[in-house]
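So the structure is just underneath, and the comments pick up after that.
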Amino acid sequence: MRSSRFIFWLSMLAMMAVMLAACTSEPIKQQQQQQPSTPEGPPESVEDEEEGQTITLVTPDTAMKAPEEKSKYQIHTRLTDFHLLSESTGIAWGITNTELRLYQTKDHGETWVDISPSSNVQFIDKLEYGKDIVFADKDHGWIIRNKQGSAETILLNTTNGGDSWKLSSLPETGVVTALSFVSSQQGWIMAKGDISRGSEEKSLFHTSNNGGLWDEVMQNTEYSTSRVPGSVIPRTGSVIGLTFTDSLVGFATIREMQSSKLYITRDGGQKWKSSGQVFKSKLLDPCGSVYAGAPKLLGRGGSGSEVYIPVTCVKDNQASYMGYFTGDTGKSWNLVSFPMTGDAGKGTIQPVFRRLHDGWRMVNGIVYHSNDLGKTWKPFPRSKLLADNLAKYPNVVKLQFTSSDVGWMLIETTDKKRSRLMKSSDGGETWQGL
């Protein structure tokens, strides 16, 4: 009798061990390119909890089912960036052991689907949105893996929300420095060639068929430095950001040694003109150096697209923040100086905007909102949950709002080894972990 009971309890312990291993495992990686991922169950190991946060994954075949019918399991992952596509839909990613871990949520971050490409495509540096990765919508996305050693630059493309990825090489583009897509079919790639101090060769490529074919629409490689046409972005300086607002109008910010310039195209990228009214203001005269960020498309107003360009003014080793705004697709601009100070390592990030009159900033852990181009700011009461998280993760990596209510924030430790993704559903007043 005792022997039977012993065998019974030994069998039960074995079954519980199997079940526990299944519940704590990591998701199976996607199949090879162009093959849909069909995970049959949880994977065999878990990333170190100290390297990231816990997120709940669901298998692709159950993602659209009712919450109680979804096949769920939890993993720990290290996130380095994210992008909101709508109030409920967003993507987040990081690199672990040279593998890209890319996840998508369609239920406000409650559950996620692993949409990572094949682990055979390895990455060294973290991916930045607008430079290495872009999604036009929840289904259509592009990822650049710049050439590594003798390997060519690779473009990964999905048309089904990451269920499968198609790989193609871009052997003649050089190093890609910016990506911009205005639809599921139409986009641009900016690339750099030979580089010397303070200058680089620049080439712009355009696709109208989802990246199947690319045409070079602008280049300065065949011109000497003194003979570059006025309609071409010159070699001087390096590309910081590229944003097209539609099939014709695009903006490119160029950083030179201690200054920045803005170039605008109105014919799809073939001809570019320097905007003389940008980065030439009395407000900027006292600055020892002026650094512009990537142009941000905010939306469409009554007279054209709204665009915001963040500006950092450095004087005597002190940084102050400003912003250029246009509501008529770059025909006229407003430069606004933001009244803010704060330690970038203690819950501070320069302003971000969703629309011209809808912006947020953080200073020393306090979230502020502006409805007048950032001229004045209203602070929210200090959020205890946010403050508790900032005590562990003081660096604010990114802040984005996709509506007047819903926004995400990515924070990380000072050693950049751990991160935490948070969400606000009330315009930035309160925050919770995802």
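Following the order of the structure tokens, chains are lettered A, B, ..., residues in each are numbered from 1, and ligands are numbered from 1.
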
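For A:Leu386, the non-local neighbours within 12 Å, defined as residues at least 5 positions apart in the same chain or in other chains and counting only C-alpha atoms, are Gly347, Met362, Asn364, Gly365, Ile366, Val367, Phe380, Pro381, Ala391, Lys392, Tyr393, Pro394, Val396, Met409, Leu410, Ile411, Arg420, Leu421, Met422, Lys423, Ser424, Gly428, Glu429, Thr430, Trp431, Gln432 and Gly433 of chain A.
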
Skipping near chain neighbours, those fewer than 6 positions away, what residues fall within 9 Å of A:Phe338 using only C-alpha atoms, listed as a list in words?
Ser320, Tyr321, Met322, Gly323, Gln350, Pro351, Gly374, Lys375, Thr376 and Trp377 of chain A

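Nearest residue to A:Ile91, choosing from A:Gly293, A:Pro379, A:Gly162, A:Gly427 and counting only C-alpha atoms: A:Gly162.
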
Please provide as a ChimeraX atom specification all residues within 12 Å of stretch 329-333 of chain A, with the sequence filter that same-chain residues fewer than 3 positions apart are discarded (counting only C-alpha atoms).
/A:243-246,248-252,262-266,273-281,295-309,323-326,336,356,373

Just to be explicit: take each residue in the selection above, keep C-alpha atoms, and write the result as a tab-separated table (two decimals), in the first residue's frame.
chain	number	residue	atom	x	y	z
A	243	THR	CA	10.23	62.29	-42.65
A	244	PHE	CA	7.83	62.36	-45.59
A	245	THR	CA	4.35	63.66	-44.95
A	246	ASP	CA	2.88	62.43	-48.25
A	248	LEU	CA	5.67	64.58	-52.49
A	249	VAL	CA	6.69	66.50	-49.35
A	250	GLY	CA	9.61	65.44	-47.19
A	251	PHE	CA	11.89	66.92	-44.50
A	252	ALA	CA	15.50	66.00	-43.67
A	262	LEU	CA	16.78	71.57	-42.66
A	263	TYR	CA	16.16	70.50	-46.26
A	264	ILE	CA	12.70	70.20	-47.82
A	265	THR	CA	11.53	68.42	-50.97
A	266	ARG	CA	8.20	68.92	-52.69
A	273	LYS	CA	16.07	73.08	-50.92
A	274	SER	CA	17.58	74.40	-47.72
A	275	SER	CA	15.06	76.17	-45.50
A	276	GLY	CA	16.72	79.46	-44.68
A	277	GLN	CA	14.17	80.44	-42.04
A	278	VAL	CA	14.95	77.42	-39.87
A	279	PHE	CA	17.94	77.38	-37.48
A	280	LYS	CA	18.60	81.07	-38.16
A	281	SER	CA	16.93	82.92	-35.32
A	295	PRO	CA	11.43	65.84	-37.95
A	296	LYS	CA	8.21	64.46	-36.45
A	297	LEU	CA	4.98	64.28	-38.44
A	298	LEU	CA	2.21	65.22	-36.03
A	299	GLY	CA	-0.82	65.05	-38.31
A	300	ARG	CA	-2.82	67.12	-40.75
A	301	GLY	CA	-4.29	70.52	-40.01
A	302	GLY	CA	-6.42	72.88	-42.07
A	303	SER	CA	-3.60	74.10	-44.34
A	304	GLY	CA	-1.26	71.13	-44.51
A	305	SER	CA	0.79	68.70	-42.46
A	306	GLU	CA	1.93	69.56	-38.95
A	307	VAL	CA	5.62	68.92	-38.27
A	308	TYR	CA	7.73	69.36	-35.14
A	309	ILE	CA	11.54	69.50	-34.99
A	323	GLY	CA	11.19	73.40	-30.95
A	324	TYR	CA	10.29	74.41	-34.50
A	325	PHE	CA	6.64	74.00	-35.50
A	326	THR	CA	4.86	74.23	-38.85
A	336	VAL	CA	9.43	78.18	-29.29
A	356	LEU	CA	0.73	71.24	-32.51
A	373	LEU	CA	3.01	74.93	-28.77

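Using only C-alpha atoms, the shortest contact distance between A:Asp125 and any of A:Cys287, A:Ile95, A:Ile143, A:Leu57 is found at A:Ile95.
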
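Distances to A:Ala92 were evaluated for A:Val311, A:Val176, A:Ile55, A:Ala387 using only C-alpha atoms, and the minimum falls at A:Ile55.
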
Please give the complete set of residues from stretch 216-385 of chain A that DSSP, run on the backbone, assigns to strand (DSSP E), formatted as a PyMOL selection string.
chain A and resi 216-219+238-244+250-255+260-265+272-274+289-292+296-300+305-315+318-326+334-338+349-355+358-363+366-370+378-379

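Atom CA of A:Trp188 is found 21.8 Å from atom CA of A:Phe123.
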
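Running DSSP on the backbone and keeping only alpha helix (DSSP H), the residues of stretch 336-431 of chain A that qualify are Lys384, Leu385, Leu386, Ala387, Asp388, Asn389, Leu390, Ala391 and Lys392 of chain A.
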
Would you write out those residues with N, CA and C atoms, as a PDB file, in the first residue's frame?
ATOM      1  N   LYS A 384       2.617  58.555  -7.642  1.00  0.00           N
ATOM      2  CA  LYS A 384       3.407  57.722  -6.741  1.00  0.00           C
ATOM      3  C   LYS A 384       3.942  56.485  -7.448  1.00  0.00           C
ATOM      4  N   LEU A 385       3.104  55.835  -8.257  1.00  0.00           N
ATOM      5  CA  LEU A 385       3.556  54.638  -8.949  1.00  0.00           C
ATOM      6  C   LEU A 385       4.680  54.963  -9.928  1.00  0.00           C
ATOM      7  N   LEU A 386       4.555  56.091 -10.635  1.00  0.00           N
ATOM      8  CA  LEU A 386       5.614  56.495 -11.549  1.00  0.00           C
ATOM      9  C   LEU A 386       6.883  56.827 -10.778  1.00  0.00           C
ATOM     10  N   ALA A 387       6.742  57.547  -9.659  1.00  0.00           N
ATOM     11  CA  ALA A 387       7.907  57.905  -8.847  1.00  0.00           C
ATOM     12  C   ALA A 387       8.619  56.663  -8.317  1.00  0.00           C
ATOM     13  N   ASP A 388       7.854  55.658  -7.892  1.00  0.00           N
ATOM     14  CA  ASP A 388       8.455  54.425  -7.388  1.00  0.00           C
ATOM     15  C   ASP A 388       9.244  53.711  -8.483  1.00  0.00           C
ATOM     16  N   ASN A 389       8.717  53.727  -9.703  1.00  0.00           N
ATOM     17  CA  ASN A 389       9.416  53.081 -10.811  1.00  0.00           C
ATOM     18  C   ASN A 389      10.643  53.873 -11.237  1.00  0.00           C
ATOM     19  N   LEU A 390      10.546  55.217 -11.219  1.00  0.00           N
ATOM     20  CA  LEU A 390      11.690  56.039 -11.588  1.00  0.00           C
ATOM     21  C   LEU A 390      12.834  55.909 -10.590  1.00  0.00           C
ATOM     22  N   ALA A 391      12.522  55.541  -9.357  1.00  0.00           N
ATOM     23  CA  ALA A 391      13.580  55.311  -8.375  1.00  0.00           C
ATOM     24  C   ALA A 391      14.461  54.133  -8.791  1.00  0.00           C
ATOM     25  N   LYS A 392      13.882  53.176  -9.502  1.00  0.00           N
ATOM     26  CA  LYS A 392      14.641  52.021  -9.978  1.00  0.00           C
ATOM     27  C   LYS A 392      15.115  52.211 -11.413  1.00  0.00           C
TER      28      LYS A 392
END
